[in-house]
Amino acid sequence: MRKKTSNLPRKRPSQERSAATVAAILRASAHILRQRGWEEFTTNAVAKRAGVSIGSLYQYFPSKEAILAALAEQHGEEAIAILKQVVLSASDKKLPIAETVRQYIQASVAMHAADPQLHRILIDRIPYFTGKSPLMRKFFEEAFAVVQLWLSSQKHLIRPGEIDAMSYMLVTTVESVSHLDLLDRPKSLTH
């Protein structure tokens, strides 16, 4: 019977050199996924492309699924940072809600369009909206918290009790539509 491997990274790098190794593995992984796709994405190919031994790769990632999970986590962290920047900037400038929402949507669309091949693989391979992925749940919780905090600062413009619902609707709708656009946009609508 084959032993089941974990889909999560083994350990976090604690030293600069090990952080550089993990970064090289993730860069190599993203490159292979973009250029060759999931079918040719193997730990051996990643190790070779990253210039590390397979043993070094397995020190941090027990499987290619664990590498994919780390890429998804990295992507989520980058996305949250961008969304926080948009919301904080809008708050600092005291922009109206409609303008902030427009900028939030533009930032989300730009994030998803920045690396569509890799994003498509992440969407296809990481369980989405099923509650089964702690990574996706973490992303939504953080995005929800950012939007909720911003809308709370606008509570004088919002009916009592609607901040949570509005936050949820904004985050899930923009994320869902961005993914639908990335995955299922009809060819007739592309430039």
# chains A, B, ... in the order shown; residues from 1 in each chain; ligands from 1
>>> select_by_dssp(residues="range 17-141 of chain A", states="helix (DSSP H, G or I)", output="PyMOL selection string")
chain A and resi 17-36+38-40+43-50+54-60+64-93+97-114+116-125+134-141
>>> residues_around(residues="Val146 in chain A", least_positions_apart="3", cutoff="8 Å", atoms="only C-alpha atoms", output="VMD selection string")
chain A and resid 83 to 84 87 142 to 143 149 to 150
>>> write_last_selection(atoms="all heavy atoms", output="mmCIF file, in the first residue's frame")
data_model
loop_
_atom_site.group_PDB
_atom_site.id
_atom_site.type_symbol
_atom_site.label_atom_id
_atom_site.label_comp_id
_atom_site.auth_asym_id
_atom_site.auth_seq_id
_atom_site.Cartn_x
_atom_site.Cartn_y
_atom_site.Cartn_z
ATOM 1 N N LEU A 83 -4.969 44.215 -2.234
ATOM 2 C CA LEU A 83 -6.301 44.671 -1.839
ATOM 3 C C LEU A 83 -6.237 45.602 -0.629
ATOM 4 O O LEU A 83 -6.949 46.605 -0.575
ATOM 5 C CB LEU A 83 -7.213 43.479 -1.560
ATOM 6 C CG LEU A 83 -7.474 42.577 -2.771
ATOM 7 C CD1 LEU A 83 -8.367 41.410 -2.388
ATOM 8 C CD2 LEU A 83 -8.062 43.358 -3.937
ATOM 9 N N LYS A 84 -5.367 45.275 0.326
ATOM 10 C CA LYS A 84 -5.192 46.161 1.483
ATOM 11 C C LYS A 84 -4.708 47.530 1.024
ATOM 12 O O LYS A 84 -5.177 48.561 1.505
ATOM 13 C CB LYS A 84 -4.168 45.569 2.465
ATOM 14 C CG LYS A 84 -4.716 44.535 3.386
ATOM 15 C CD LYS A 84 -3.634 44.061 4.334
ATOM 16 C CE LYS A 84 -4.152 42.965 5.245
ATOM 17 N NZ LYS A 84 -3.101 42.435 6.126
ATOM 18 N N VAL A 87 -7.622 49.498 -0.534
ATOM 19 C CA VAL A 87 -8.598 49.953 0.453
ATOM 20 C C VAL A 87 -8.011 51.030 1.364
ATOM 21 O O VAL A 87 -8.650 52.043 1.641
ATOM 22 C CB VAL A 87 -9.151 48.748 1.251
ATOM 23 C CG1 VAL A 87 -9.994 49.202 2.425
ATOM 24 C CG2 VAL A 87 -9.972 47.848 0.333
ATOM 25 N N GLU A 142 -9.232 36.829 5.242
ATOM 26 C CA GLU A 142 -8.414 38.044 5.267
ATOM 27 C C GLU A 142 -9.006 39.128 4.375
ATOM 28 O O GLU A 142 -9.047 40.304 4.760
ATOM 29 C CB GLU A 142 -6.979 37.722 4.864
ATOM 30 C CG GLU A 142 -6.242 36.919 5.919
ATOM 31 C CD GLU A 142 -4.795 36.647 5.562
ATOM 32 O OE1 GLU A 142 -4.226 37.368 4.714
ATOM 33 O OE2 GLU A 142 -4.228 35.709 6.139
ATOM 34 N N ALA A 143 -9.448 38.756 3.183
ATOM 35 C CA ALA A 143 -10.065 39.735 2.281
ATOM 36 C C ALA A 143 -11.339 40.297 2.913
ATOM 37 O O ALA A 143 -11.582 41.508 2.865
ATOM 38 C CB ALA A 143 -10.375 39.091 0.930
ATOM 39 N N LEU A 149 -13.368 46.100 7.566
ATOM 40 C CA LEU A 149 -12.766 47.227 8.280
ATOM 41 C C LEU A 149 -12.985 48.532 7.522
ATOM 42 O O LEU A 149 -13.357 49.554 8.100
ATOM 43 C CB LEU A 149 -11.271 46.974 8.501
ATOM 44 C CG LEU A 149 -10.521 48.040 9.286
ATOM 45 C CD1 LEU A 149 -11.053 48.136 10.714
ATOM 46 C CD2 LEU A 149 -9.031 47.717 9.314
ATOM 47 N N TRP A 150 -12.781 48.499 6.210
ATOM 48 C CA TRP A 150 -12.997 49.694 5.401
ATOM 49 C C TRP A 150 -14.460 50.136 5.454
ATOM 50 O O TRP A 150 -14.754 51.310 5.675
ATOM 51 C CB TRP A 150 -12.563 49.444 3.954
ATOM 52 C CG TRP A 150 -13.124 50.454 3.006
ATOM 53 C CD1 TRP A 150 -12.855 51.790 2.985
ATOM 54 C CD2 TRP A 150 -14.083 50.217 1.986
ATOM 55 N NE1 TRP A 150 -13.591 52.404 1.991
ATOM 56 C CE2 TRP A 150 -14.343 51.453 1.363
ATOM 57 C CE3 TRP A 150 -14.729 49.069 1.518
ATOM 58 C CZ2 TRP A 150 -15.237 51.571 0.309
ATOM 59 C CZ3 TRP A 150 -15.611 49.203 0.462
ATOM 60 C CH2 TRP A 150 -15.867 50.443 -0.128
#
>>> closest_residue(among="A:Lys138, A:Lys155, A:Arg49, A:His179", to="Ala72 in chain A", atoms="only C-alpha atoms")
A:Lys138
>>> atom_distance(atom1="CA of Thr21 in chain A", atom2="CA of Ser63 in chain A")
16.0 Å
>>> closest_residue(among="A:Gln85, A:Ser18, A:Gln117, A:Thr100", to="Tyr60 in chain A", atoms="only C-alpha atoms")
A:Ser18
>>> residues_around(residues="range 41-44 of chain A", least_positions_apart="2", cutoff="10 Å", atoms="only C-alpha atoms", output="PDB file with C-alpha atoms, in the first residue's frame")
ATOM      1  CA  ILE A  25      11.711  26.057  -5.910  1.00  0.00           C
ATOM      2  CA  SER A  29       7.492  25.514 -10.135  1.00  0.00           C
ATOM      3  CA  ALA A  30       5.605  28.514 -11.468  1.00  0.00           C
ATOM      4  CA  HIS A  31       7.752  28.479 -14.610  1.00  0.00           C
ATOM      5  CA  ILE A  32       7.122  24.786 -15.270  1.00  0.00           C
ATOM      6  CA  LEU A  33       3.394  25.097 -14.628  1.00  0.00           C
ATOM      7  CA  ARG A  34       3.154  28.076 -17.005  1.00  0.00           C
ATOM      8  CA  GLN A  35       5.267  26.542 -19.754  1.00  0.00           C
ATOM      9  CA  ARG A  36       4.418  22.826 -19.559  1.00  0.00           C
ATOM     10  CA  GLY A  37       1.259  22.503 -17.471  1.00  0.00           C
ATOM     11  CA  TRP A  38       0.237  20.211 -14.637  1.00  0.00           C
ATOM     12  CA  GLU A  39       0.898  16.985 -16.517  1.00  0.00           C
ATOM     13  CA  VAL A  46      11.215  21.382 -10.356  1.00  0.00           C
ATOM     14  CA  ALA A  47      14.425  20.399  -8.561  1.00  0.00           C
ATOM     15  CA  LYS A  48      16.361  20.427 -11.828  1.00  0.00           C
ATOM     16  CA  ARG A  49      14.955  23.811 -12.892  1.00  0.00           C
ATOM     17  CA  ALA A  50      15.563  25.296  -9.405  1.00  0.00           C
ATOM     18  CA  VAL A  52      18.593  22.063  -6.070  1.00  0.00           C
ATOM     19  CA  SER A  53      18.809  18.389  -5.209  1.00  0.00           C
ATOM     20  CA  ILE A  54      15.611  16.386  -4.988  1.00  0.00           C
ATOM     21  CA  GLY A  55      16.464  15.802  -1.314  1.00  0.00           C
ATOM     22  CA  LEU A  57      13.189  19.937  -2.403  1.00  0.00           C
ATOM     23  CA  TYR A  58      11.668  17.139  -0.285  1.00  0.00           C
ATOM     24  CA  PHE A  61       7.806  19.938   0.076  1.00  0.00           C
ATOM     25  CA  PRO A  62       6.694  16.293   0.358  1.00  0.00           C
ATOM     26  CA  SER A  63       4.812  16.372  -2.960  1.00  0.00           C
ATOM     27  CA  LYS A  64       4.049  18.452  -5.998  1.00  0.00           C
ATOM     28  CA  GLU A  65       0.660  19.176  -4.427  1.00  0.00           C
ATOM     29  CA  ILE A  67       4.412  22.956  -3.845  1.00  0.00           C
ATOM     30  CA  LEU A  68       1.146  23.963  -5.482  1.00  0.00           C
TER      31      LEU A  68
END
>>> closest_residue(among="A:Lys93, A:Arg159, A:His75, A:Arg137", to="Leu118 in chain A", atoms="only C-alpha atoms")
A:His75
>>> residues_around(residues="Ile163 in chain A", least_positions_apart="2", cutoff="7 Å", atoms="only C-alpha atoms", output="number ranges by chain")
A: 148, 151-152, 161, 165-167
>>> write_last_selection(atoms="all heavy atoms", output="CSV table (one decimal), in the first residue's frame")
chain,number,residue,atom,x,y,z
A,148,GLN,N,-14.4,44.6,5.4
A,148,GLN,CA,-15.2,44.9,6.6
A,148,GLN,C,-14.7,46.1,7.4
A,148,GLN,O,-15.4,46.9,7.8
A,148,GLN,CB,-15.3,43.6,7.5
A,148,GLN,CG,-16.3,43.8,8.6
A,148,GLN,CD,-16.2,42.5,9.5
A,148,GLN,OE1,-15.2,42.0,9.8
A,148,GLN,NE2,-17.4,42.1,9.9
A,151,LEU,N,-15.4,49.2,5.3
A,151,LEU,CA,-16.8,49.5,5.3
A,151,LEU,C,-17.2,50.0,6.7
A,151,LEU,O,-18.1,50.9,6.8
A,151,LEU,CB,-17.7,48.4,4.8
A,151,LEU,CG,-17.7,48.1,3.3
A,151,LEU,CD1,-18.5,46.8,3.0
A,151,LEU,CD2,-18.2,49.3,2.5
A,152,SER,N,-16.6,49.5,7.7
A,152,SER,CA,-16.9,50.0,9.1
A,152,SER,C,-16.6,51.5,9.2
A,152,SER,O,-17.2,52.2,9.9
A,152,SER,CB,-16.1,49.2,10.1
A,152,SER,OG,-16.6,47.9,10.1
A,161,GLY,N,-26.2,47.0,10.4
A,161,GLY,CA,-26.3,45.6,10.2
A,161,GLY,C,-26.0,45.1,8.8
A,161,GLY,O,-26.0,43.9,8.6
A,165,ALA,N,-22.7,41.7,5.4
A,165,ALA,CA,-23.3,41.2,4.2
A,165,ALA,C,-22.6,41.9,3.0
A,165,ALA,O,-22.3,41.2,2.0
A,165,ALA,CB,-24.8,41.4,4.2
A,166,MET,N,-22.5,43.2,3.1
A,166,MET,CA,-21.8,43.9,2.0
A,166,MET,C,-20.4,43.5,1.8
A,166,MET,O,-19.9,43.3,0.6
A,166,MET,CB,-21.9,45.4,2.2
A,166,MET,CG,-23.3,46.0,2.1
A,166,MET,SD,-23.3,47.8,2.5
A,166,MET,CE,-22.5,48.5,1.1
A,167,SER,N,-19.7,43.2,2.9
A,167,SER,CA,-18.3,42.8,2.8
A,167,SER,C,-18.2,41.4,2.1
A,167,SER,O,-17.4,41.2,1.2
A,167,SER,CB,-17.7,42.7,4.2
A,167,SER,OG,-17.7,43.9,4.8
>>> atom_distance(atom1="CA of Asp92 in chain A", atom2="CA of Gly76 in chain A")
23.9 Å
>>> closest_residue(among="A:His119, A:Glu141, A:His112, A:Tyr104", to="Leu170 in chain A", atoms="only C-alpha atoms")
A:Tyr104
>>> closest_residue(among="A:Ala66, A:Ile121, A:Ala19, A:Val109", to="Val174 in chain A", atoms="only C-alpha atoms")
A:Val109
>>> closest_residue(among="A:Met169, A:Leu95, A:Leu180, A:Val86", to="Ala113 in chain A", atoms="only C-alpha atoms")
A:Leu180
>>> atom_distance(atom1="CA of Ala110 in chain A", atom2="CA of Ile97 in chain A")
19.8 Å
